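Data file: entry_38.cif. Format and content: mmCIF, C-alpha atoms.
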data_run
loop_
_atom_site.label_atom_id
_atom_site.label_comp_id
_atom_site.auth_asym_id
_atom_site.auth_seq_id
_atom_site.Cartn_x
_atom_site.Cartn_y
_atom_site.Cartn_z
CA ARG D 1454 36.64 140.45 44.80
CA SER D 1455 37.88 141.50 48.17
CA PHE D 1456 38.14 139.23 51.16
CA PRO D 1457 37.75 140.41 54.72
CA VAL D 1458 40.97 140.54 56.71
CA PRO D 1459 40.72 138.55 59.94
CA PRO D 1460 41.44 140.56 63.02
CA SER D 1461 44.86 140.09 64.61
CA PRO D 1462 44.84 138.12 67.85
CA PRO D 1463 45.23 140.15 70.98
CA LEU D 1464 48.67 140.27 72.59
CA CYS D 1465 49.02 137.90 75.48
CA HIS D 1466 50.84 139.33 78.45
CA THR D 1467 51.81 135.86 79.63
CA ALA D 1468 53.47 134.76 76.36
CA MET D 1469 56.86 134.47 78.09
CA SER D 1470 55.51 132.40 80.96
CA TYR D 1471 54.83 128.71 81.35
CA ASN D 1472 52.88 127.32 84.29
CA GLY D 1473 53.04 130.74 85.87
CA ILE D 1474 56.85 130.94 85.59
CA GLY D 1475 58.56 133.54 83.40
CA LEU D 1476 58.03 137.11 82.23
CA ASN D 1477 54.66 138.78 82.19
CA THR D 1478 55.54 140.95 79.21
CA VAL D 1479 58.03 140.86 76.35
CA ARG D 1480 58.98 144.49 76.71
CA GLY D 1481 62.72 144.92 77.15
CA SER D 1482 63.40 141.17 76.93
CA GLY D 1483 64.76 141.27 73.37
CA THR D 1484 62.68 138.23 72.37
CA ASN D 1485 59.65 137.60 70.20
CA GLY D 1486 57.45 136.73 73.13
CA TYR D 1487 57.07 132.99 72.53
CA VAL D 1488 58.24 130.17 74.74
CA GLN D 1489 60.80 128.10 72.83
CA LYS D 1490 62.35 124.73 73.48
CA ASN D 1491 65.78 124.66 75.10
CA LEU D 1492 67.79 122.75 72.52
CA SER D 1493 70.85 122.54 74.79
CA HIS D 1494 68.98 120.63 77.49
CA VAL D 1495 69.93 116.97 77.82
CA PRO D 1496 67.07 114.85 79.16
CA GLN D 1497 67.65 112.56 82.09
CA ARG D 1498 67.00 109.43 80.04
CA ARG D 1499 69.97 110.31 77.82
CA SER D 1500 72.39 111.62 80.44
CA ALA D 1501 71.88 108.73 82.88
CA ARG D 1502 74.21 105.76 82.44
CA ASP D 1503 72.69 102.35 82.20
CA ASP D 1504 75.31 100.17 83.91
CA THR D 1505 73.07 97.12 83.69
CA ARG D 1506 73.80 96.67 80.01
CA PRO D 1507 76.22 93.78 79.34
CA TRP D 1508 78.66 95.93 77.37
CA ALA D 1509 78.62 98.89 79.79
CA LYS D 1510 81.34 97.41 81.99
CA ALA D 1511 83.17 95.51 79.30
CA ALA D 1512 86.95 95.61 79.58
CA PRO D 1513 88.63 97.98 77.11
CA LEU D 1514 90.55 96.50 74.24
CA ALA D 1515 94.19 95.94 75.13
CA PRO D 1516 96.74 97.59 72.83
CA ARG D 1517 98.54 95.29 70.46
CA GLU D 1518 101.84 94.19 71.89
CA PRO D 1519 104.82 94.56 69.52
CA SER D 1520 106.68 91.41 68.49
CA ALA D 1521 110.38 91.65 69.28
CA GLU D 1522 111.15 88.85 66.81
CA ILE D 1523 109.48 90.65 63.92
CA ILE D 1524 111.22 93.93 64.80
CA GLU D 1525 114.59 92.18 64.96
CA HIS D 1526 113.84 90.45 61.63
CA GLN D 1527 112.97 93.79 60.03
CA ARG D 1528 116.22 95.35 61.27
CA LYS D 1529 118.29 92.50 59.86
CA ARG D 1530 116.34 92.70 56.62
CA GLU D 1531 117.26 96.37 56.23
CA VAL D 1532 120.93 95.46 56.72
CA GLU D 1533 120.70 92.65 54.20
CA VAL D 1534 119.04 94.96 51.67
CA GLN D 1535 121.96 97.39 51.91
CA LEU D 1536 124.43 94.50 51.58
CA ALA D 1537 122.60 93.16 48.53
CA GLU D 1538 122.78 96.59 46.91
CA LEU D 1539 126.49 96.75 47.69
CA ARG D 1540 127.02 93.25 46.27
CA ASP D 1541 125.18 94.12 43.04
CA SER D 1542 127.20 97.31 42.59
CA LEU D 1543 130.51 95.47 43.13
CA GLU D 1544 129.56 92.67 40.75
CA ASP D 1545 128.51 95.19 38.10
CA ALA D 1546 131.92 96.86 38.53
CA GLY D 1547 133.69 93.56 37.83
CA VAL D 1548 135.17 93.05 41.30
CA PRO D 1549 136.31 89.44 41.97
CA ASP D 1550 134.06 87.22 44.05
CA ALA D 1551 136.55 86.91 46.93
CA GLU D 1552 136.89 90.68 47.14
CA VAL D 1553 133.10 91.05 46.99
CA GLU D 1554 132.63 88.63 49.90
CA ARG D 1555 135.31 90.40 51.94
CA ARG D 1556 133.83 93.85 51.42
CA VAL D 1557 130.32 92.62 52.08
CA GLY D 1558 131.46 90.92 55.32
CA GLU D 1559 133.19 94.10 56.52
CA LYS D 1560 130.15 96.17 55.62
CA ARG D 1561 127.89 93.75 57.51
CA VAL D 1562 129.99 94.10 60.68
CA VAL D 1563 129.94 97.91 60.39
CA LEU D 1564 126.20 98.07 59.79
CA MET D 1565 125.34 95.72 62.67
CA LYS D 1566 127.59 97.64 65.05
CA ARG D 1567 126.11 100.95 63.93
CA LEU D 1568 122.60 99.55 64.36
CA GLU D 1569 123.32 98.40 67.91
CA GLU D 1570 124.85 101.76 68.83
CA ARG D 1571 121.89 103.61 67.36
CA ASP D 1572 119.38 101.47 69.28
CA ALA D 1573 121.33 101.91 72.52
CA SER D 1574 121.79 105.67 72.29
CA ALA D 1575 118.88 107.01 70.23
CA ARG D 1576 115.52 107.81 71.78
CA PRO D 1577 112.53 105.74 70.61
CA ALA D 1578 110.64 107.13 67.67
CA ARG D 1579 107.29 108.79 68.19
CA ALA D 1580 104.74 106.59 66.49
CA PRO D 1581 102.10 109.20 65.57
CA LYS D 1582 104.59 111.56 63.88
CA ASP D 1583 107.14 109.17 62.37
CA LEU D 1584 106.03 108.62 58.78
CA SER D 1585 108.51 105.76 58.30
CA LEU D 1586 106.66 103.64 60.87
CA ARG D 1587 103.19 103.81 59.34
CA ASP D 1588 103.70 100.68 57.26
CA GLU D 1589 105.52 98.81 60.04
CA THR D 1590 102.93 97.82 62.61
CA HIS D 1591 105.22 96.30 65.20
CA LYS D 1592 107.74 99.14 65.13
CA ALA D 1593 104.93 101.63 65.46
CA ALA D 1594 103.49 99.65 68.38
CA ALA D 1595 106.90 99.54 70.10
CA ALA D 1596 107.36 103.28 69.59
CA LYS D 1597 103.86 103.98 70.88
CA GLN D 1598 104.48 101.77 73.91
CA ALA D 1599 107.70 103.64 74.74
CA GLU D 1600 105.91 106.96 74.28
CA ASP D 1601 103.13 105.84 76.64
CA VAL D 1602 105.72 104.94 79.27
CA HIS D 1603 107.27 108.41 79.04
CA MET D 1604 103.84 110.05 79.12
CA ARG D 1605 102.75 108.06 82.20
CA ALA D 1606 105.98 108.99 83.95
CA ALA D 1607 105.47 112.67 83.07
CA LEU D 1608 101.86 112.72 84.28
CA GLY D 1609 102.47 110.54 87.33
CA ILE D 1610 100.15 107.74 86.20
CA ALA D 1611 100.78 104.36 87.80
CA ALA D 1612 101.67 101.42 85.60
CA THR D 1613 98.72 99.50 87.10
CA HIS D 1614 96.21 102.07 85.84
CA VAL D 1615 93.28 100.57 83.93
CA VAL D 1616 91.74 102.53 81.07
CA GLY D 1617 88.18 103.57 81.91
CA ALA D 1618 88.56 102.96 85.65
CA ALA D 1619 87.78 106.60 86.36
CA PHE D 1620 84.21 106.08 85.11
CA ASP D 1621 83.56 103.01 87.27
CA ARG D 1622 81.59 104.41 90.20
CA ASP D 1623 81.86 101.30 92.36
CA LEU D 1624 85.61 101.12 91.87
CA GLN D 1625 86.02 104.82 92.63
CA GLU D 1626 83.97 104.46 95.81
CA GLN D 1627 86.09 101.49 96.86
CA LYS D 1628 89.31 103.41 96.19
CA LYS D 1629 87.90 106.37 98.11
CA ARG D 1630 87.18 104.15 101.12
CA GLU D 1631 90.64 102.61 100.89
CA ARG D 1632 92.26 106.05 100.79
CA GLN D 1633 90.15 107.16 103.75
CA GLU D 1634 91.10 104.05 105.72
CA LYS D 1635 94.76 104.56 104.83
CA ARG D 1636 94.63 108.19 105.99
CA GLU D 1637 92.90 107.17 109.21
CA ALA D 1638 95.50 104.44 109.83
CA GLU D 1639 98.32 106.91 109.18
CA ALA D 1640 96.65 109.42 111.50
CA ARG D 1641 96.37 106.76 114.23
CA VAL D 1642 100.02 105.82 113.81
CA LEU D 1643 101.04 109.48 113.92
CA ALA D 1644 98.90 110.11 117.00
CA GLU D 1645 100.40 107.04 118.70
CA LYS D 1646 103.91 108.29 117.90
CA GLN D 1647 103.03 111.71 119.29
CA ARG D 1648 101.63 110.16 122.47
CA GLU D 1649 104.74 108.00 122.80
CA ALA D 1650 106.93 111.07 122.35
CA GLU D 1651 104.90 112.95 124.99
CA ARG D 1652 105.21 110.00 127.38
CA ALA D 1653 108.95 109.88 126.74
CA VAL D 1654 109.23 113.60 127.49
CA ALA D 1655 107.16 113.15 130.65
CA ARG D 1656 109.33 110.22 131.76
CA ALA D 1657 112.47 112.26 131.08
CA ALA D 1658 111.02 115.17 133.09
CA LYS D 1659 110.14 112.87 136.00
CA GLU D 1660 113.58 111.30 135.91
CA GLU D 1661 115.17 114.74 135.92
CA GLU D 1662 112.99 115.75 138.86
CA ARG D 1663 113.99 112.60 140.79
CA ARG D 1664 117.64 113.25 140.05
CA ARG D 1665 117.33 116.85 141.23
CA ARG D 1666 115.62 115.76 144.45
CA ARG D 1667 118.23 113.09 144.98
CA GLU D 1668 120.99 115.64 144.57
CA GLU D 1669 119.24 117.99 146.99
CA LYS D 1670 118.96 115.19 149.57
CA GLU D 1671 122.61 114.32 149.10
CA ALA D 1672 123.54 117.99 149.49
CA LYS D 1673 121.46 118.30 152.71
CA ARG D 1674 122.94 115.07 154.07
CA ASP D 1675 126.46 116.32 153.35
CA GLU D 1676 125.61 119.62 155.05
CA ARG D 1677 124.33 117.86 158.19
CA ARG D 1678 127.40 115.63 158.26
CA ARG D 1679 129.67 118.68 157.95
CA ARG D 1680 127.87 120.43 160.79
CA ARG D 1681 128.14 117.37 163.04
CA GLU D 1682 131.84 117.14 162.37
CA GLU D 1683 132.23 120.82 163.12
CA ARG D 1684 130.38 120.48 166.44
CA ARG D 1685 132.55 117.53 167.40
CA ARG D 1686 135.70 119.49 166.72
CA ASN D 1687 134.37 122.40 168.83
CA ARG D 1688 133.64 120.05 171.78
CA ARG D 1689 137.11 118.59 171.67
CA ARG D 1690 138.64 122.03 171.82
CA ASP D 1691 136.54 122.94 174.82
#

Just give me the structure of the file as structure tokens.
Amino acid sequence: RSFPVPPSPPLCHTAMSYNGIGLNTVRGSGTNGYVQKNLSHVPQRRSARDDTRPWAKAAPLAPREPSAEIIEHQRKREVEVQLAELRDSLEDAGVPDAEVERRVGEKRVVLMKRLEERDASARPARAPKDLSLRDETHKAAAAKQAEDVHMRAALGIAATHVVGAAFDRDLQEQKKRERQEKREAEARVLAEKQREAERAVARAAKEEERRRRREEKEAKRDERRRRREERRRNRRRD
């Protein structure tokens, strides 16, 4: 039994258009002629930030500060472990107790001095790459803190920088106004200095002009006095 084949729907010349916007035909467009959803579009309800939520402006978690006491304890523990190994080896070798104590004391002085020199001269370890610091939380925190200081110095980040402050719009607007006010104040100070310098130059020019006129008057007065003296001498001769 055969079934009739339904006729194919006519091609729509406005398949690539939506609300009158788009292509009138699919020829040369390289597409199948159907309007598809833009999967890369982010709707406004998802892209907009809701700053009214209580956790939106929550302060970021502060990094864990390393404990200097625990780090110092761990360093001394490493020294004591080496000394205990040395003591066990000497006792197994049959060395007298007095000699064992003397050697252990000398070794302790050498190890402590070497440890101080290493801490004073060596650069701090890099926490993310140093495998020996993974099991030592406080040493890793101290190394990370030192690395952050070097990184801030390299990037020119102030020590007062707060993590996440760049996304606070109100804070950025306030900083922008403060920078603008600072620039305007500096411009006013610079303009005042320039005006003061111009006034100083004008005063110097006026003073120079007065001095020149004074010298000219003195020269004219001396010339008149010389002429009077010359006329007097001529009268006496006559």

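Between atom CA of D:Thr1613 and atom CA of D:Gln1627 lies a distance of 16.1 Å.
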
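Between atom CA of D:Val1532 and atom CA of D:Leu1568 the interatomic distance comes to 8.8 Å.
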
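Between atom CA of D:Leu1543 and atom CA of D:Lys1566 the interatomic distance comes to 22.2 Å.
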
Would you write out, as a PyMOL selection string, every residue that the PyMOL selection byres ((chain D and resi 1520) around 9) captures in this file? chain D and resi 1518-1519+1521-1525+1591-1592+1594-1595

Name the residues in contact with stretch 1562-1565 of chain D at a cut-off of 10 Å, using all atoms listed in the file, excluding same-chain residues fewer than 5 positions from it; report them as a list in words. Arg1528, Lys1529, Glu1531, Val1532, Glu1533, Gln1535, Leu1536, Val1557, Glu1570 and Arg1571 of chain D
